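Novice: Data file query_28.txt (compact mmCIF, C-alpha atoms) is appended below.
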```txt
# COMPACT_ATOMS: atom_id res chain seq x y z
CA MET A 180 22.29 -23.94 -15.31
CA THR A 181 18.81 -22.50 -15.30
CA ILE A 182 16.57 -21.64 -18.20
CA SER A 183 14.79 -18.31 -18.20
CA GLY A 184 11.22 -17.81 -19.31
CA SER A 185 12.43 -16.91 -22.80
CA GLY A 186 14.51 -20.04 -23.38
CA ARG A 187 13.54 -23.52 -24.54
CA ALA A 188 9.86 -22.65 -24.34
CA VAL A 189 7.01 -23.19 -26.76
CA ARG A 190 4.16 -20.77 -26.04
CA GLY A 191 0.63 -20.67 -27.39
CA CYS A 192 0.48 -24.10 -28.94
CA PHE A 193 0.45 -27.73 -27.86
CA VAL A 194 3.65 -29.69 -28.20
CA VAL A 195 3.09 -33.16 -29.59
CA LEU A 196 6.10 -35.42 -29.46
CA ALA A 197 6.12 -38.78 -31.20
CA ALA A 198 6.70 -41.54 -28.71
CA ALA A 199 9.25 -43.13 -31.00
CA GLY A 200 11.43 -40.04 -30.98
CA LEU A 201 11.39 -39.01 -27.32
CA LEU A 202 14.87 -38.78 -25.85
CA VAL A 203 14.99 -36.61 -22.73
CA ALA A 204 18.58 -36.93 -21.47
CA SER A 205 21.49 -39.32 -21.22
CA GLY A 206 20.07 -40.57 -17.92
CA GLY A 207 16.75 -41.26 -19.67
CA ARG A 208 17.94 -43.63 -22.45
CA ASN A 209 16.13 -46.55 -20.86
CA VAL A 210 12.89 -44.59 -20.88
CA ALA A 211 13.32 -43.69 -24.54
CA ARG A 212 14.12 -47.33 -25.42
CA ALA A 213 10.99 -48.49 -23.61
CA GLN A 214 8.91 -45.95 -25.46
CA ARG A 215 10.26 -47.05 -28.84
CA SER A 216 9.31 -50.63 -28.00
CA GLY A 217 5.78 -49.57 -27.00
CA VAL A 218 6.20 -50.69 -23.40
CA PRO A 219 4.50 -48.29 -20.91
CA VAL A 220 6.93 -46.37 -18.73
CA ALA A 221 6.33 -46.47 -14.98
CA ALA A 222 6.03 -42.99 -13.47
CA ASP A 223 8.63 -43.71 -10.78
CA THR A 224 11.28 -44.59 -13.40
CA GLN A 225 10.84 -41.49 -15.54
CA PRO A 226 13.51 -38.83 -14.92
CA LYS A 227 12.32 -35.88 -12.84
CA GLY A 228 13.13 -32.21 -12.90
CA THR A 229 12.43 -28.97 -11.04
CA ILE A 230 10.52 -25.87 -12.09
CA LEU A 231 10.78 -22.68 -10.08
CA GLY A 232 9.79 -19.12 -10.78
CA THR A 233 7.69 -16.08 -10.03
CA VAL A 234 4.15 -15.13 -10.99
CA ARG A 235 3.53 -11.44 -11.72
CA ASP A 236 0.66 -9.35 -12.98
CA SER A 237 0.76 -7.24 -16.14
CA ALA A 238 2.37 -4.37 -14.19
CA GLY A 239 5.19 -6.60 -13.02
CA VAL A 240 3.95 -6.83 -9.41
CA ALA A 241 4.31 -10.20 -7.68
CA VAL A 242 1.04 -12.10 -7.24
CA PRO A 243 0.78 -14.18 -4.03
CA GLY A 244 -1.73 -16.99 -3.64
CA ALA A 245 -1.67 -18.07 -7.31
CA ARG A 246 -1.90 -21.81 -7.97
CA VAL A 247 0.65 -23.20 -10.42
CA ASP A 248 -0.32 -26.66 -11.74
CA ALA A 249 1.92 -29.00 -13.73
CA GLY A 250 -0.58 -31.87 -13.87
CA ALA A 251 -0.30 -35.33 -12.31
CA ASN A 252 -1.14 -33.86 -8.88
CA ILE A 253 1.93 -31.61 -9.02
CA ALA A 254 1.03 -28.09 -7.92
CA ALA A 255 2.25 -25.24 -5.77
CA THR A 256 0.92 -21.92 -4.48
CA THR A 257 2.96 -18.74 -4.79
CA ASP A 258 4.20 -17.17 -1.57
CA SER A 259 4.05 -13.51 -0.52
CA ALA A 260 6.80 -12.70 -3.05
CA GLY A 261 4.93 -14.49 -5.85
CA GLU A 262 7.49 -17.31 -5.95
CA PHE A 263 6.86 -21.04 -6.35
CA THR A 264 8.79 -24.31 -6.70
CA LEU A 265 7.60 -27.51 -8.39
CA ARG A 266 9.68 -30.61 -7.65
CA ASP A 267 9.67 -34.11 -9.12
CA VAL A 268 8.11 -32.99 -12.38
CA PRO A 269 8.50 -35.63 -15.14
CA GLN A 270 10.98 -34.45 -17.75
CA GLY A 271 9.75 -33.71 -21.24
CA PRO A 272 6.84 -31.55 -22.40
CA VAL A 273 5.08 -29.81 -19.50
CA VAL A 274 1.84 -27.84 -19.52
CA LEU A 275 1.77 -25.21 -16.76
CA THR A 276 -1.52 -23.64 -15.70
CA VAL A 277 -1.63 -20.59 -13.44
CA ARG A 278 -4.90 -19.66 -11.76
CA ARG A 279 -5.86 -16.86 -9.40
CA ILE A 280 -9.31 -15.44 -8.74
CA GLY A 281 -9.56 -12.11 -10.51
CA PHE A 282 -7.10 -13.13 -13.24
CA ALA A 283 -7.54 -14.95 -16.52
CA PRO A 284 -6.04 -18.46 -16.36
CA ALA A 285 -2.62 -18.60 -18.02
CA ILE A 286 -1.54 -21.76 -19.86
CA THR A 287 2.04 -22.12 -21.07
CA TYR A 288 4.02 -25.00 -22.57
CA TRP A 289 7.60 -25.89 -21.71
CA ASP A 290 10.21 -28.55 -22.40
CA LEU A 291 11.72 -29.68 -19.09
CA GLY A 292 15.16 -31.28 -19.15
CA PRO A 293 17.56 -32.39 -16.40
CA ASP A 294 18.40 -28.78 -15.49
CA ALA A 295 16.08 -26.64 -13.36
CA LEU A 296 13.67 -24.50 -15.35
CA SER A 297 13.45 -20.92 -14.04
CA LEU A 298 10.37 -18.99 -15.18
CA ASP A 299 8.90 -15.51 -14.93
CA LEU A 300 5.19 -16.01 -15.58
CA ARG A 301 2.67 -13.24 -16.22
CA ILE A 302 -1.08 -13.31 -15.65
CA HIS A 303 -3.59 -10.65 -16.61
CA ALA A 304 -6.45 -9.41 -14.49
CA PHE A 305 -9.98 -9.62 -15.76
CA PRO A 306 -11.42 -6.23 -16.71
CA THR A 307 -12.32 -4.73 -13.35
CA VAL A 308 -15.73 -3.34 -12.58
CA LEU A 309 -14.34 -0.60 -10.39
CA PRO A 310 -12.20 2.36 -11.49
CA THR A 311 -8.65 2.93 -10.31
CA VAL A 312 -8.30 5.19 -7.26
CA TYR A 313 -5.34 7.57 -7.47
CA ALA A 314 -3.55 8.95 -4.41
CA GLN A 315 -1.13 11.74 -5.33
CA ALA A 316 -0.72 13.67 -2.10
CA ARG A 317 -1.80 12.94 1.45
CA PRO A 318 -5.52 13.75 1.40
CA GLN A 319 -7.09 14.30 4.79
CA PRO A 320 -10.74 14.35 5.90
CA TYR A 321 -10.27 17.91 7.16
CA ASP A 322 -8.12 19.48 4.47
CA ALA A 323 -10.02 22.76 4.85
CA ARG A 324 -8.80 23.09 8.43
CA LEU A 325 -5.19 22.62 7.30
CA ALA A 326 -5.50 24.71 4.13
CA GLY A 327 -3.97 27.77 5.80
CA PHE A 328 -1.02 25.78 7.14
CA ASN A 329 -0.34 24.26 3.72
CA ALA A 330 -0.66 27.61 1.94
CA ARG A 331 1.72 29.38 4.32
CA ARG A 332 4.16 26.47 4.10
CA ALA A 333 4.15 26.75 0.31
CA SER A 334 4.93 30.47 0.53
CA GLY A 335 7.91 29.88 2.85
CA GLN A 336 6.76 32.35 5.52
CA GLY A 337 8.03 31.24 8.94
CA PHE A 338 9.45 27.86 9.98
CA TYR A 339 7.52 24.66 9.26
CA ILE A 340 7.69 21.15 10.68
CA THR A 341 5.67 18.45 8.93
CA ARG A 342 4.35 15.10 10.12
CA GLY A 343 7.05 13.29 8.19
CA GLU A 344 9.78 15.33 9.83
CA ILE A 345 8.33 14.67 13.28
CA ASP A 346 8.40 10.93 12.54
CA SER A 347 12.02 11.12 11.41
CA LEU A 348 13.16 12.56 14.75
CA GLY A 349 11.94 9.58 16.78
CA THR A 350 11.06 11.60 19.88
CA PHE A 351 7.93 11.96 21.98
CA ARG A 352 8.72 15.45 23.39
CA MET A 353 7.42 18.56 21.68
CA THR A 354 10.37 20.64 22.89
CA ASP A 355 12.81 18.24 21.19
CA VAL A 356 11.14 19.08 17.90
CA LEU A 357 10.89 22.83 18.46
CA THR A 358 14.53 23.27 19.49
CA ARG A 359 15.56 22.15 16.00
CA VAL A 360 14.37 25.56 14.80
CA PRO A 361 17.19 28.15 14.92
CA GLY A 362 16.95 30.42 17.95
CA VAL A 363 14.52 28.25 19.94
CA ARG A 364 15.69 27.30 23.43
CA GLU A 365 14.08 24.99 25.98
CA TYR A 366 13.62 25.98 29.61
CA THR A 367 11.84 24.72 32.71
CA MET A 368 9.05 26.95 33.93
CA ARG A 369 9.13 28.32 37.47
CA GLY A 370 7.92 25.94 40.15
CA ALA A 371 8.63 22.97 37.86
CA LEU A 372 5.22 23.46 36.26
CA GLY A 373 6.41 22.12 32.96
CA THR A 374 8.65 22.85 30.01
CA SER A 375 8.41 25.61 27.46
CA VAL A 376 10.68 27.43 25.00
CA THR A 377 11.90 30.92 24.26
CA LEU A 378 12.35 32.29 20.77
CA ALA A 379 15.38 34.15 19.47
CA GLY A 380 15.43 37.81 20.55
CA SER A 381 12.36 37.51 22.83
CA ARG A 382 12.22 37.93 26.59
CA CYS A 383 8.65 36.71 26.94
CA GLN A 384 6.92 33.46 26.18
CA PRO A 385 5.55 32.90 22.66
CA LEU A 386 1.84 32.46 22.08
CA VAL A 387 0.99 28.77 21.64
CA MET A 388 -1.99 28.06 19.40
CA VAL A 389 -3.61 24.71 18.77
CA ASP A 390 -5.77 24.34 15.66
CA GLY A 391 -6.00 28.12 15.32
CA PHE A 392 -6.99 28.92 18.92
CA PRO A 393 -4.82 30.04 21.88
CA ALA A 394 -3.89 27.07 24.06
CA ALA A 395 -3.49 29.31 27.11
CA LEU A 396 -3.22 32.97 28.05
CA GLY A 397 -0.19 32.29 30.22
CA SER A 398 2.42 29.62 30.75
CA PHE A 399 1.85 26.40 28.84
CA ASP A 400 3.66 23.08 29.21
CA LEU A 401 4.48 22.15 25.60
CA ASN A 402 5.40 18.57 26.47
CA MET A 403 1.83 17.92 27.54
CA ILE A 404 0.99 17.63 23.82
CA ASP A 405 1.15 14.11 22.43
CA LEU A 406 3.33 14.30 19.31
CA SER A 407 1.50 11.37 17.73
CA THR A 408 -1.55 13.62 17.41
CA VAL A 409 0.31 16.46 15.64
CA GLU A 410 0.12 16.93 11.88
CA GLY A 411 2.23 20.06 11.54
CA ILE A 412 3.86 22.96 13.40
CA GLU A 413 4.67 26.49 12.28
CA VAL A 414 6.92 28.88 14.23
CA TYR A 415 7.16 32.67 13.90
CA LEU A 416 10.05 34.18 15.84
CA HIS A 417 8.84 37.78 15.88
CA GLY A 418 5.47 39.43 16.16
CA SER A 419 6.03 41.31 12.91
CA SER A 420 6.22 38.05 10.97
CA VAL A 421 3.01 36.52 12.40
CA PRO A 422 0.17 36.22 9.85
CA ALA A 423 -3.05 38.01 10.74
CA SER A 424 -4.90 34.69 10.93
CA LEU A 425 -2.64 33.62 13.84
CA SER A 426 -2.76 36.84 15.84
CA GLY A 427 -3.79 36.34 19.46
CA PRO A 428 -5.81 38.42 21.89
CA TYR A 429 -4.28 41.45 23.60
CA GLY A 430 -1.31 41.46 21.24
CA MET A 431 0.09 38.25 22.70
CA GLU A 432 1.70 37.40 19.36
CA ALA A 433 4.31 40.12 19.97
CA CYS A 434 6.75 37.52 21.37
CA GLY A 435 6.24 35.15 18.46
CA VAL A 436 3.81 32.32 17.78
CA ILE A 437 4.01 28.53 17.83
CA ALA A 438 1.01 27.17 15.91
CA ILE A 439 0.32 23.45 16.33
CA TRP A 440 -2.08 21.60 14.04
CA SER A 441 -3.51 18.26 15.13
CA ARG A 442 -3.80 15.24 12.91
CA PRO A 443 -7.21 14.67 11.30
CA MET A 444 -9.37 12.05 12.92
CA ARG A 445 -9.55 8.70 11.18
CA PRO A 446 -12.92 7.06 10.64
CA ASN A 447 -13.99 4.73 13.42
CA VAL A 448 -14.27 1.04 12.69
CA ARG A 449 -17.63 -0.55 13.39
CA ALA A 450 -17.58 -3.75 15.40
CA ASP A 451 -19.15 -5.64 12.51
CA GLN A 452 -16.31 -4.49 10.23
CA LEU A 453 -13.53 -5.98 12.32
CA PRO A 454 -11.96 -9.06 10.70
CA PRO A 455 -12.79 -12.36 12.46
CA GLU A 456 -10.08 -14.67 13.67
CA HIS A 457 -10.32 -16.60 10.40
CA ALA A 458 -11.22 -14.82 7.16
CA PRO A 459 -13.91 -16.48 5.01
CA ASN A 460 -12.89 -18.59 2.03
CA LEU A 461 -13.98 -16.56 -1.00
CA ASP A 462 -13.72 -19.52 -3.36
CA SER A 463 -16.21 -21.43 -1.21
CA LEU A 464 -18.57 -18.46 -1.08
CA LEU A 465 -18.55 -18.20 -4.87
CA LYS A 466 -19.18 -21.92 -5.36
CA ALA A 467 -22.07 -21.79 -2.89
CA ASN A 468 -23.67 -18.90 -4.82
CA VAL A 469 -23.84 -16.69 -1.75
CA VAL A 470 -21.41 -14.25 -3.35
CA TYR A 471 -21.55 -13.30 -7.02
CA THR A 472 -19.17 -11.90 -9.63
CA ALA A 473 -19.72 -9.12 -12.16
CA ALA A 474 -20.43 -11.74 -14.83
CA THR A 475 -23.27 -13.33 -12.86
CA VAL A 476 -25.30 -10.27 -11.79
CA ASP A 477 -27.72 -8.07 -13.73
CA GLN A 478 -26.28 -4.85 -12.32
CA PRO A 479 -22.72 -4.92 -10.95
CA ALA A 480 -21.62 -3.04 -7.85
CA GLY A 481 -20.54 0.56 -8.40
CA TYR A 482 -18.06 2.68 -6.50
CA ASP A 483 -19.10 6.02 -5.01
CA ARG A 484 -16.13 8.13 -6.09
CA GLY A 485 -14.18 9.92 -3.40
CA THR A 486 -15.26 7.70 -0.52
CA ALA A 487 -12.12 5.52 -0.39
CA VAL A 488 -9.11 7.78 -0.91
CA PRO A 489 -6.12 6.33 0.99
CA ILE A 490 -3.68 8.40 3.02
CA TYR A 491 -0.25 8.30 1.37
CA PRO A 492 2.16 6.58 3.83
CA ASP A 493 4.45 9.26 5.31
CA SER A 494 7.60 7.14 5.08
CA LEU A 495 7.11 6.47 1.36
CA TYR A 496 5.84 9.92 0.46
CA ARG A 497 8.94 11.56 1.94
CA VAL A 498 11.20 9.67 -0.47
CA ARG A 499 8.75 9.99 -3.38
CA VAL A 500 8.12 6.25 -3.78
CA PRO A 501 5.16 5.42 -6.06
CA GLY A 502 3.09 2.30 -5.51
CA HIS A 503 0.33 0.08 -6.81
CA VAL A 504 -2.13 -2.11 -4.91
CA VAL A 505 -4.90 -4.40 -6.17
CA VAL A 506 -7.38 -5.69 -3.62
CA ARG A 507 -10.47 -7.83 -3.84
CA PHE A 508 -13.33 -7.89 -1.39
CA VAL A 509 -17.05 -8.41 -1.05
CA VAL A 510 -19.49 -5.52 -1.27
CA ASP A 511 -22.54 -6.37 0.83
CA THR A 512 -26.21 -5.75 0.08
CA VAL A 513 -26.16 -2.22 1.53
CA GLY A 514 -23.05 -1.12 -0.37
CA ALA A 515 -20.48 -1.48 2.43
CA VAL A 516 -17.19 -3.36 2.31
CA GLU A 517 -17.12 -6.63 4.23
CA MET A 518 -13.80 -5.91 5.90
CA ALA A 519 -13.13 -9.55 6.74
CA THR A 520 -13.07 -10.43 3.04
CA ILE A 521 -10.40 -7.92 1.98
CA GLU A 522 -7.55 -9.74 0.26
CA VAL A 523 -4.49 -8.08 -1.25
CA VAL A 524 -4.00 -9.51 -4.74
CA SER A 525 -0.78 -7.60 -5.37
CA ALA A 526 1.09 -4.70 -3.78
CA THR A 527 4.44 -3.01 -4.28
CA ALA A 528 4.92 -2.33 -0.55
CA ALA A 529 3.17 -3.31 2.69
CA PRO A 530 2.49 0.31 3.86
CA PHE A 531 0.46 0.89 0.69
CA SER A 532 -1.66 -2.19 1.46
CA ALA A 533 -2.28 -0.96 5.01
CA ALA A 534 -3.32 2.47 3.70
CA VAL A 535 -5.81 0.88 1.30
CA ARG A 536 -7.31 -1.28 4.04
CA ARG A 537 -7.88 1.79 6.22
CA ALA A 538 -9.42 3.72 3.33
CA LEU A 539 -11.90 0.93 2.56
CA ARG A 540 -13.46 1.32 6.01
CA ALA A 541 -15.14 4.49 4.79
CA ALA A 542 -15.81 3.29 1.23
CA SER A 543 -19.32 3.38 -0.15
CA PHE A 544 -20.77 1.44 -3.09
CA SER A 545 -24.03 0.82 -4.85
CA PRO A 546 -24.77 -2.89 -4.30
CA ALA A 547 -25.00 -5.42 -7.12
CA ARG A 548 -28.48 -6.57 -8.10
CA ILE A 549 -30.11 -9.66 -9.58
CA ARG A 550 -33.68 -9.12 -10.78
CA GLY A 551 -33.78 -5.98 -8.68
CA ARG A 552 -32.68 -7.71 -5.49
CA PRO A 553 -29.41 -6.51 -3.87
CA VAL A 554 -26.78 -9.26 -3.58
CA ARG A 555 -23.23 -9.59 -2.35
CA GLN A 556 -20.59 -9.24 -5.05
CA LEU A 557 -16.87 -9.95 -5.20
CA VAL A 558 -15.06 -6.99 -6.74
CA GLU A 559 -11.50 -5.96 -7.48
CA MET A 560 -10.20 -2.45 -7.03
CA PRO A 561 -6.82 -1.03 -8.05
CA PHE A 562 -5.12 1.82 -6.21
CA ASP A 563 -2.23 3.87 -7.61
CA PHE A 564 0.02 5.99 -5.38
CA ARG A 565 1.81 8.75 -7.27
CA PRO A 566 3.62 11.55 -5.41
CA SER A 567 2.38 14.95 -6.55
CA PRO A 568 5.10 16.61 -8.68
CA THR A 569 4.16 20.03 -7.32
CA ASP A 570 4.50 19.19 -3.62
CA SER A 571 8.09 19.29 -2.43
CA VAL A 572 8.78 17.06 0.54
CA PRO A 573 12.14 16.79 2.35
CA SER A 574 13.54 13.33 1.81
CA SER A 575 16.11 12.89 4.54
CA SER A 576 17.13 15.15 7.41
CA PHE A 577 14.91 17.48 9.41
CA ARG A 578 14.40 20.70 7.49
CA VAL A 579 12.75 24.04 8.15
CA ARG A 580 11.82 26.67 5.62
CA ARG A 581 11.82 30.43 5.94
CA ARG A 582 11.62 33.32 3.53
CA GLY A 583 14.84 34.60 2.07
CA SER A 584 17.06 31.93 3.62
CA GLY A 585 16.49 28.91 1.42
CA VAL A 586 15.92 25.57 3.08
CA PRO A 587 18.61 25.10 5.72
CA SER A 588 19.23 21.60 7.05
CA ILE A 589 19.37 21.28 10.81
```
Take the structure in the file and write it out as structure tokens.

Specialist:
Amino acid sequence: MTISGSGRAVRGCFVVLAAAGLLVASGGRNVARAQRSGVPVAADTQPKGTILGTVRDSAGVAVPGARVDAGANIAATTDSAGEFTLRDVPQGPVVLTVRRIGFAPAITYWDLGPDALSLDLRIHAFPTVLPTVYAQARPQPYDARLAGFNARRASGQGFYITRGEIDSLGTFRMTDVLTRVPGVREYTMRGALGTSVTLAGSRCQPLVMVDGFPAALGSFDLNMIDLSTVEGIEVYLHGSSVPASLSGPYGMEACGVIAIWSRPMRPNVRADQLPPEHAPNLDSLLKANVVYTAATVDQPAGYDRGTAVPIYPDSLYRVRVPGHVVVRFVVDTVGAVEMATIEVVSATAAPFSAAVRRALRAASFSPARIRGRPVRQLVEMPFDFRPSPTDSVPSSSFRVRRRGSGVPSI
């Protein structure tokens, strides 16, 4: 039998038990008798028990790296799932203390018997200096370049293939993706110069455009394009359906158009931002007064809004999974993130943590100051991932969209 966090617990007050009345279990009668007689009880003769449980934050997210202390040199640190186990804990009243940098210490009081005590402990973060960053869609550094693609996709004109759909196919060949569109057929160009496609009802090759410009004025090997660099594809089977913005020279759009849009470039990582083999111990830095907290500076670090917006993970965005991440890190004296100090306090899924780490490479802050001098400060920053309710994303099979035909599944 286990005891949940709501059972046999006394919270918020100290439990004082008279030594003359302590009776812990049938196996502990000798201990109780010794206590009534005033004889000290040896620690190795006192019955022991086990405490296990999970530490979560106020949002219910598991907190790894929290220290759970039961006194008498009995302590454990929560694992990646926020779980801990304390063994050989003396039975009777137990004071549990949970500590984690960035959270207020939590002290709870329990009565441990011969059965294992199973707990669900909650700790609350200190008020954070930095505001929450919200990621609702998949923001890109060059959204303006993709604005036309997104607008046409929303209108349903033509056939559209998104980054998420490309990932779901698990192929590295462009023609494998294109032949999922109705009426598109693969063929080998004359002289084995490569592979291209024909569109339904056309006897000539379609115009291939990359980022809004013609890729070639003649034959073009589509499989030369690395699919990992493609953000989206739009296909127009007939010249009459091609938007004016995608019209080519000399009327080459008459046989249809395949418009390919490349993925936005990610910010480069400076050599001094790469994590070392061993990350620094933040607790030691704080104790040595080489890194400060918001409570110990005159002017705390401030976030430059819009400089650290994470890219929503494709795999989670497709199935509309929300997420929450809390990270802590050091902002240096010029307002940059010390990448080696980034530590994930809590996260609902690993892809969200990875997205936040990438976003922090480009983050900008105003540094903390003491008497006007910039100093390094430890900060915490929450990130919320919420799929935009207005952006419809296919959740399973490959899909294409065209006007007047609904959304057929291929």

Novice: If I wrap all listed atoms of stretch 296-304 of chain A in a box with edges along x, y and z and add 6 Å on each side, what are its centre and edge lengths in Å to one decimal, as AutoDock Vina command-line options?

Specialist:
```
--center_x 3.6 --center_y -17.0 --center_z -15.3 --size_x 32.1 --size_y 27.1 --size_z 14.6
```

Novice: Set the distance at 9 Å and use all atoms listed in the file: which residues neighbour stretch 251-262 of chain A once local chain neighbours fewer than 4 positions away are removed? I'd like the list as a short mmCIF file (atom, residue, chain, number, x, y, z; two decimals) with C-alpha atoms, keeping the file's coordinate frame.

Specialist:
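Generated file (around27.cif):
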```cif
data_model
loop_
_atom_site.label_atom_id
_atom_site.label_comp_id
_atom_site.auth_asym_id
_atom_site.auth_seq_id
_atom_site.Cartn_x
_atom_site.Cartn_y
_atom_site.Cartn_z
CA LEU A 231 10.78 -22.68 -10.08
CA GLY A 232 9.79 -19.12 -10.78
CA THR A 233 7.69 -16.08 -10.03
CA VAL A 234 4.15 -15.13 -10.99
CA ARG A 235 3.53 -11.44 -11.72
CA VAL A 240 3.95 -6.83 -9.41
CA ALA A 241 4.31 -10.20 -7.68
CA VAL A 242 1.04 -12.10 -7.24
CA PRO A 243 0.78 -14.18 -4.03
CA GLY A 244 -1.73 -16.99 -3.64
CA ALA A 245 -1.67 -18.07 -7.31
CA ARG A 246 -1.90 -21.81 -7.97
CA VAL A 247 0.65 -23.20 -10.42
CA ARG A 266 9.68 -30.61 -7.65
CA ASP A 267 9.67 -34.11 -9.12
CA VAL A 268 8.11 -32.99 -12.38
CA SER A 525 -0.78 -7.60 -5.37
#
```

Novice: One number please: atom CA of A:Leu378 to atom CA of A:Val356, in Å, one decimal.

Specialist: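 Between atom CA of A:Leu378 and atom CA of A:Val356 the gap is 13.6 Å.
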
Novice: Rounded to one decimal in Å, what is the spacing between atom CA of A:Pro566 and atom CA of A:Ala314?

Specialist: 7.7 Å

Novice: To one decimal place in Å, what is the distance between atom CA of A:Arg537 and atom CA of A:Ala333?

Specialist: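 Value for the atom CA of A:Arg537-atom CA of A:Ala333 distance: 28.3 Å.
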
Novice: Write out as a list in words the residues lying within 6 Å of stretch 391-406 of chain A, counting all atoms listed in the file and excluding same-chain residues fewer than 5 positions away.

Specialist: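 After dropping sequence-adjacent residues, the list is Phe351, Arg352, Met353, Gly373, Thr374 and Ser375 of chain A.
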
Novice: Give the answer as one residue: which of A:Val535, A:Ala330, A:Val436, A:Ala249 has the shortest atom-to-atom distance to A:Val274, using all atoms listed in the file?

Specialist: A:Ala249

Novice: Can you tell me which residues surround stretch 460-474 of chain A at a distance of at most 6 Å, considering only C-alpha atoms, apart from same-chain residues fewer than 4 positions away, and format the answer as a PyMOL selection string?

Specialist: chain A and resi 479+555-557
